[in-house]
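Structure file upload-v1.tsv; described as TSV, C-alpha atoms.
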chain	number	residue	atom	x	y	z
A	1	MET	CA	118.46	51.95	109.99
A	2	ARG	CA	121.40	49.65	109.13
A	3	THR	CA	123.45	52.46	107.61
A	4	ASN	CA	123.19	54.43	110.87
A	5	LEU	CA	124.41	51.76	113.30
A	6	ILE	CA	127.61	53.63	114.13
A	7	LYS	CA	125.62	56.77	114.97
A	8	ILE	CA	123.09	54.79	117.03
A	9	PHE	CA	125.84	53.03	118.96
A	10	TRP	CA	127.66	56.30	119.51
A	11	LEU	CA	124.54	58.02	120.84
A	12	SER	CA	123.71	54.97	122.94
A	13	LEU	CA	127.20	55.11	124.39
A	14	LEU	CA	126.71	58.73	125.41
A	15	VAL	CA	123.29	57.96	126.92
A	16	CYS	CA	124.62	55.00	128.90
A	17	LEU	CA	127.57	56.95	130.23
A	18	SER	CA	125.42	59.95	131.12
A	19	LEU	CA	122.84	57.83	132.96
A	20	GLY	CA	125.55	55.78	134.60
A	21	TYR	CA	127.34	58.82	136.00
A	22	TYR	CA	124.04	60.39	137.02
A	23	LEU	CA	123.03	57.30	138.98
A	24	LEU	CA	126.50	56.97	140.39
A	25	PHE	CA	126.28	60.35	142.09
A	26	ARG	CA	122.78	59.56	143.45
A	27	MET	CA	123.47	55.95	144.34
A	28	TYR	CA	123.47	56.46	148.08
A	29	ARG	CA	119.69	57.19	147.97
A	30	PHE	CA	118.71	53.91	146.28
A	31	SER	CA	118.65	50.25	147.24
A	32	GLY	CA	120.73	47.34	145.89
A	33	PRO	CA	118.98	46.69	142.52
A	34	LEU	CA	120.01	50.14	141.33
A	35	TYR	CA	123.62	49.02	141.42
A	36	GLU	CA	122.79	46.25	138.93
A	37	VAL	CA	121.14	48.78	136.62
A	38	LEU	CA	124.19	51.01	136.85
A	39	LEU	CA	126.52	48.09	136.14
A	40	ALA	CA	124.43	47.03	133.13
A	41	LEU	CA	124.56	50.55	131.71
A	42	PHE	CA	128.34	50.65	132.02
A	43	VAL	CA	128.69	47.22	130.42
A	44	LEU	CA	126.54	48.37	127.49
A	45	ALA	CA	128.64	51.53	127.21
A	46	VAL	CA	131.86	49.48	127.08
A	47	ILE	CA	130.36	47.15	124.43
A	48	PHE	CA	129.28	50.10	122.27
A	49	TRP	CA	132.69	51.73	122.69
A	50	LEU	CA	134.53	48.54	121.72
A	51	TYR	CA	132.33	48.07	118.65
A	52	ILE	CA	132.94	51.62	117.41
A	53	ALA	CA	136.67	51.52	118.17
A	54	ILE	CA	137.24	48.15	116.47
A	55	ARG	CA	135.20	49.08	113.39
A	56	VAL	CA	136.99	52.42	113.01
A	57	LEU	CA	140.48	50.95	113.50
A	58	ILE	CA	139.86	48.09	111.06
A	59	VAL	CA	138.45	50.29	108.31
A	60	ARG	CA	141.26	52.81	108.80
A	61	LYS	CA	143.83	50.05	108.25
A	62	LYS	CA	141.98	48.89	105.13
A	63	ILE	CA	141.76	52.42	103.70
A	64	VAL	CA	145.47	53.09	104.31
A	65	LEU	CA	146.42	49.87	102.48
A	66	VAL	CA	144.19	50.55	99.47
A	67	LEU	CA	145.41	54.16	99.21
A	68	LYS	CA	149.03	52.98	99.21
A	69	ARG	CA	148.20	50.61	96.34
A	70	ILE	CA	146.48	53.42	94.42
A	71	LEU	CA	149.59	55.60	94.81
A	72	PHE	CA	151.53	52.85	93.01
A	73	ASN	CA	148.83	52.60	90.29
A	74	GLU	CA	147.57	49.27	91.61
A	75	TYR	CA	143.80	49.34	91.25
A	76	GLU	CA	143.10	45.59	91.12
A	77	THR	CA	142.68	45.07	94.87
A	78	GLY	CA	139.95	46.89	96.75
A	79	ILE	CA	138.67	46.46	100.31
A	80	ARG	CA	137.21	43.23	101.62
A	81	VAL	CA	133.64	44.10	102.61
A	82	SER	CA	132.25	42.73	105.87
A	83	GLU	CA	129.61	40.09	105.17
A	84	ARG	CA	128.02	39.84	108.62
A	85	ILE	CA	127.77	43.53	109.46
A	86	ASP	CA	125.93	46.17	107.45
A	87	ASP	CA	126.52	49.65	108.84
A	88	GLU	CA	128.07	52.97	107.75
A	89	VAL	CA	131.53	51.40	107.62
A	90	THR	CA	130.27	48.66	105.29
A	91	HIS	CA	128.72	51.33	103.06
A	92	LEU	CA	132.07	53.17	103.00
A	93	GLU	CA	133.90	49.94	102.07
A	94	ARG	CA	131.53	49.36	99.15
A	95	LEU	CA	131.98	52.98	98.01
A	96	ILE	CA	135.77	52.62	98.07
A	97	ASN	CA	135.53	49.41	96.01
A	98	ARG	CA	133.35	51.18	93.44
A	99	THR	CA	135.92	53.98	93.29
A	100	CYS	CA	138.74	51.47	92.71
A	101	GLU	CA	136.71	49.79	89.97
A	102	GLN	CA	136.17	53.16	88.27
A	103	LEU	CA	139.88	53.91	88.53
A	104	ARG	CA	140.65	50.53	86.90
A	105	VAL	CA	138.39	51.42	83.98
A	106	TYR	CA	139.95	54.88	83.57
A	107	ASP	CA	143.46	53.43	83.80
A	108	ALA	CA	142.71	50.81	81.14
A	109	LEU	CA	141.30	53.50	78.83
A	110	ARG	CA	144.31	55.73	79.48
A	111	VAL	CA	146.79	52.93	78.71
A	112	GLU	CA	144.90	52.04	75.53
A	113	ARG	CA	144.82	55.68	74.39
A	114	ILE	CA	148.52	56.19	75.12
A	115	ASP	CA	149.33	53.02	73.19
A	116	LEU	CA	147.32	54.19	70.16
A	117	ILE	CA	148.92	57.65	70.24
A	118	SER	CA	152.38	56.12	70.61
A	119	ARG	CA	151.82	53.80	67.65
A	120	ALA	CA	150.49	56.67	65.53
A	121	MET	CA	153.48	58.85	66.41
A	122	ASP	CA	155.86	55.99	65.72
A	123	THR	CA	154.29	55.46	62.27
A	124	VAL	CA	154.62	59.15	61.41
A	125	TYR	CA	158.14	59.29	62.81
A	126	HIS	CA	159.42	56.43	60.66
A	127	HIS	CA	157.56	57.08	57.40
A	128	ILE	CA	157.35	60.85	56.99
A	129	GLN	CA	159.64	62.21	54.33
A	130	GLU	CA	160.65	65.25	56.38
A	131	GLY	CA	163.58	65.04	58.78
A	132	ILE	CA	162.49	64.89	62.44
A	133	ILE	CA	164.59	64.80	65.59
A	134	ILE	CA	162.91	64.14	68.94
A	135	ALA	CA	164.77	65.78	71.83
A	136	ASP	CA	164.08	64.12	75.19
A	137	LEU	CA	165.20	66.55	77.88
A	138	GLU	CA	164.72	64.05	80.71
A	139	LYS	CA	166.76	61.28	79.09
A	140	LYS	CA	169.17	63.85	77.59
A	141	ASN	CA	169.18	62.38	74.11
A	142	LEU	CA	168.14	63.02	70.52
A	143	ARG	CA	166.29	60.53	68.29
A	144	ALA	CA	166.61	61.04	64.55
A	145	ASN	CA	164.10	59.51	62.13
A	146	PRO	CA	165.25	57.88	58.87
A	147	ALA	CA	164.84	61.12	56.88
A	148	ALA	CA	166.95	63.08	59.37
A	149	ARG	CA	169.63	60.38	59.45
A	150	GLU	CA	169.78	60.48	55.66
A	151	ILE	CA	170.56	64.21	55.76
A	152	PHE	CA	173.71	63.50	57.79
A	153	GLY	CA	174.52	60.18	56.19
A	154	ILE	CA	174.46	58.30	59.50
A	155	GLU	CA	172.79	55.11	60.75
A	156	GLN	CA	172.78	55.80	64.48
A	157	GLU	CA	169.26	56.74	65.65
A	158	THR	CA	169.86	57.87	69.26
A	159	ILE	CA	172.53	60.44	70.15
A	160	THR	CA	173.23	61.88	73.60
A	161	PHE	CA	173.23	65.60	74.41
A	162	GLU	CA	176.73	65.22	75.79
A	163	SER	CA	178.14	63.94	72.50
A	164	ILE	CA	176.50	66.84	70.63
A	165	GLU	CA	177.78	69.44	73.10
A	166	LYS	CA	181.34	68.14	72.75
A	167	GLN	CA	181.43	69.10	69.07
A	168	GLU	CA	182.95	72.57	68.69
A	169	ARG	CA	180.88	73.37	65.61
A	170	ASN	CA	177.65	72.89	67.61
A	171	ARG	CA	177.97	76.03	69.78
A	172	ASP	CA	175.43	77.95	67.71
A	173	PHE	CA	173.09	74.97	67.60
A	174	MET	CA	173.21	74.47	71.39
A	175	GLU	CA	172.56	78.16	72.00
A	176	PHE	CA	169.65	78.09	69.56
A	177	PHE	CA	168.29	74.90	71.11
A	178	LYS	CA	168.53	76.16	74.72
A	179	ASN	CA	166.78	79.40	73.79
A	180	ALA	CA	163.87	77.37	72.42
A	181	VAL	CA	163.48	74.82	75.24
A	182	GLU	CA	164.87	76.52	78.37
A	183	ARG	CA	164.68	80.29	78.09
A	184	GLU	CA	161.92	81.36	75.70
A	185	LYS	CA	160.07	78.02	75.46
A	186	ILE	CA	158.47	78.97	72.18
A	187	LEU	CA	158.65	77.88	68.54
A	188	LYS	CA	162.03	78.86	67.07
A	189	GLU	CA	163.20	78.78	63.46
A	190	GLY	CA	166.70	79.32	62.18
A	191	VAL	CA	169.67	78.11	60.15
A	192	VAL	CA	172.67	76.67	62.01
A	193	THR	CA	175.48	74.20	61.56
A	194	LEU	CA	174.90	70.83	63.20
A	195	GLN	CA	177.74	68.37	63.66
A	196	MET	CA	176.83	64.81	64.56
A	197	PRO	CA	179.43	62.91	66.66
A	198	ILE	CA	180.50	61.00	63.56
A	199	ARG	CA	183.22	61.94	61.11
A	200	ASN	CA	182.10	64.03	58.13
A	201	ALA	CA	178.55	64.31	59.51
A	202	SER	CA	178.36	68.11	59.63
A	203	ARG	CA	175.61	69.98	57.79
A	204	GLN	CA	174.16	73.46	57.64
A	205	VAL	CA	170.50	72.91	58.29
A	206	ALA	CA	167.26	74.83	58.64
A	207	LEU	CA	165.60	74.01	61.97
A	208	LYS	CA	162.13	74.47	63.36
A	209	ILE	CA	161.94	73.59	67.07
A	210	PHE	CA	158.58	72.94	68.77
A	211	PRO	CA	159.01	72.74	72.59
A	212	LEU	CA	156.35	70.62	74.34
A	213	LYS	CA	155.55	71.87	77.86
A	214	ASP	CA	153.78	70.19	80.76
A	215	LYS	CA	151.31	71.83	83.17
A	216	GLU	CA	154.20	73.40	85.10
A	217	GLU	CA	155.48	75.03	81.89
A	218	THR	CA	158.52	72.73	81.90
A	219	VAL	CA	159.69	71.48	78.52
A	220	LYS	CA	160.08	67.71	78.61
A	221	LEU	CA	160.21	67.01	74.86
A	222	ALA	CA	160.97	69.03	71.76
A	223	VAL	CA	160.22	68.14	68.15
A	224	ILE	CA	162.81	69.44	65.71
A	225	PHE	CA	161.97	69.57	62.01
A	226	ILE	CA	165.15	69.62	59.99
A	227	ARG	CA	166.14	70.04	56.33
A	228	ASN	CA	169.23	70.93	54.35
A	229	ALA	CA	169.80	74.65	54.13

For this file, write the structure as structure tokens.
Amino acid sequence: MRTNLIKIFWLSLLVCLSLGYYLLFRMYRFSGPLYEVLLALFVLAVIFWLYIAIRVLIVRKKIVLVLKRILFNEYETGIRVSERIDDEVTHLERLINRTCEQLRVYDALRVERIDLISRAMDTVYHHIQEGIIIADLEKKNLRANPAAREIFGIEQETITFESIEKQERNRDFMEFFKNAVEREKILKEGVVTLQMPIRNASRQVALKIFPLKDKEETVKLAVIFIRNA
């Protein structure tokens, strides 16, 4: 019964308006008390209409606010549930709060999982004996792990794409790299000369490039395994 108040009020509104208009057109046949009945029906209709309109407008404002927060990954604040009224709108408010709570749980699990994966990758990156270069296509840079930096005899970990492209000896490398991450987007192996933007840091190396694609088949990262040729 309580969860159908909006429907009851809506139907009552239609009944009151229908009876009111019906009596209005036949009013000339009745005496004075009928006018009071007609007036009461219209007053009830207005009350029902105001209740429905106010409830709908208020809950719409609440839903818009909570959806905006969700779009910015803010799941802490839900909707304030009405304490005095228990109808369909109140049920919807409670359902939205349960949804926000579930999203908070999922988000916490996602953050924890990403943190664990990131720490695991970082451990492998720093301690593996094989040379690894992480190419970030969004940030336009390369990150070389200690083994890769040792191959070139350099200490700098992060190098920009621009500084690599400026080196004349890197034409073959850039062509090989772009084939792997932009054109073919598949695993590529080969031997090329790679010149780091540091004096005497040029080596002929064997590369194995693993492009990592998202759902739209766009390569965002590439893992490059590298060793002296």

- Query: Interatomic distance between atom CA of Ile128 of chain A and atom CA of Ile224 of chain A?
  - Reply: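 Result for atom CA of Ile128 of chain A versus atom CA of Ile224 of chain A: 13.4 Å, one decimal.
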
Would you compute an axis-aligned box for segment 197-203 of chain A, covering every atom listed for it in the file with 6 Å of margin on each side, and report centre and edge lengths in Å to one decimal as AutoDock Vina command-line options?
--center_x 179.4 --center_y 65.5 --center_z 62.2 --size_x 19.6 --size_y 21.0 --size_z 20.9

- Query: Hey, can you check how far atom CA of Leu194 of chain A sits from atom CA of Arg119 of chain A?
  - Reply: 29.0 Å

- Query: Looking at A:Phe152, A:Ala222, A:Asn200, A:Lys215, which one is nearest to Leu187 of chain A, with distances taken over all atoms listed in the file?
  - Reply: A:Ala222

- Message: What's the separation between atom CA of Gly190 of chain A and atom CA of Ile164 of chain A, in Å to one decimal place?
- Response: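 Going from atom CA of Gly190 of chain A over to atom CA of Ile164 of chain A covers 18.0 Å.
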
- Item | Residue nearest Ile52 of chain A among A:Asp122, A:Thr77, A:Val89, A:Pro146 (counting only C-alpha atoms) | A:Val89

- Option closest in space to Val64 of chain A, from A:Val43, A:Asp87, A:Ile96, A:Gly153 [counting only C-alpha atoms]: A:Ile96

- Residue nearest Thr218 of chain A - candidates A:Ile186, A:Ala45, A:Leu67, A:Ile132, atoms counted: all atoms listed in the file: A:Ile186
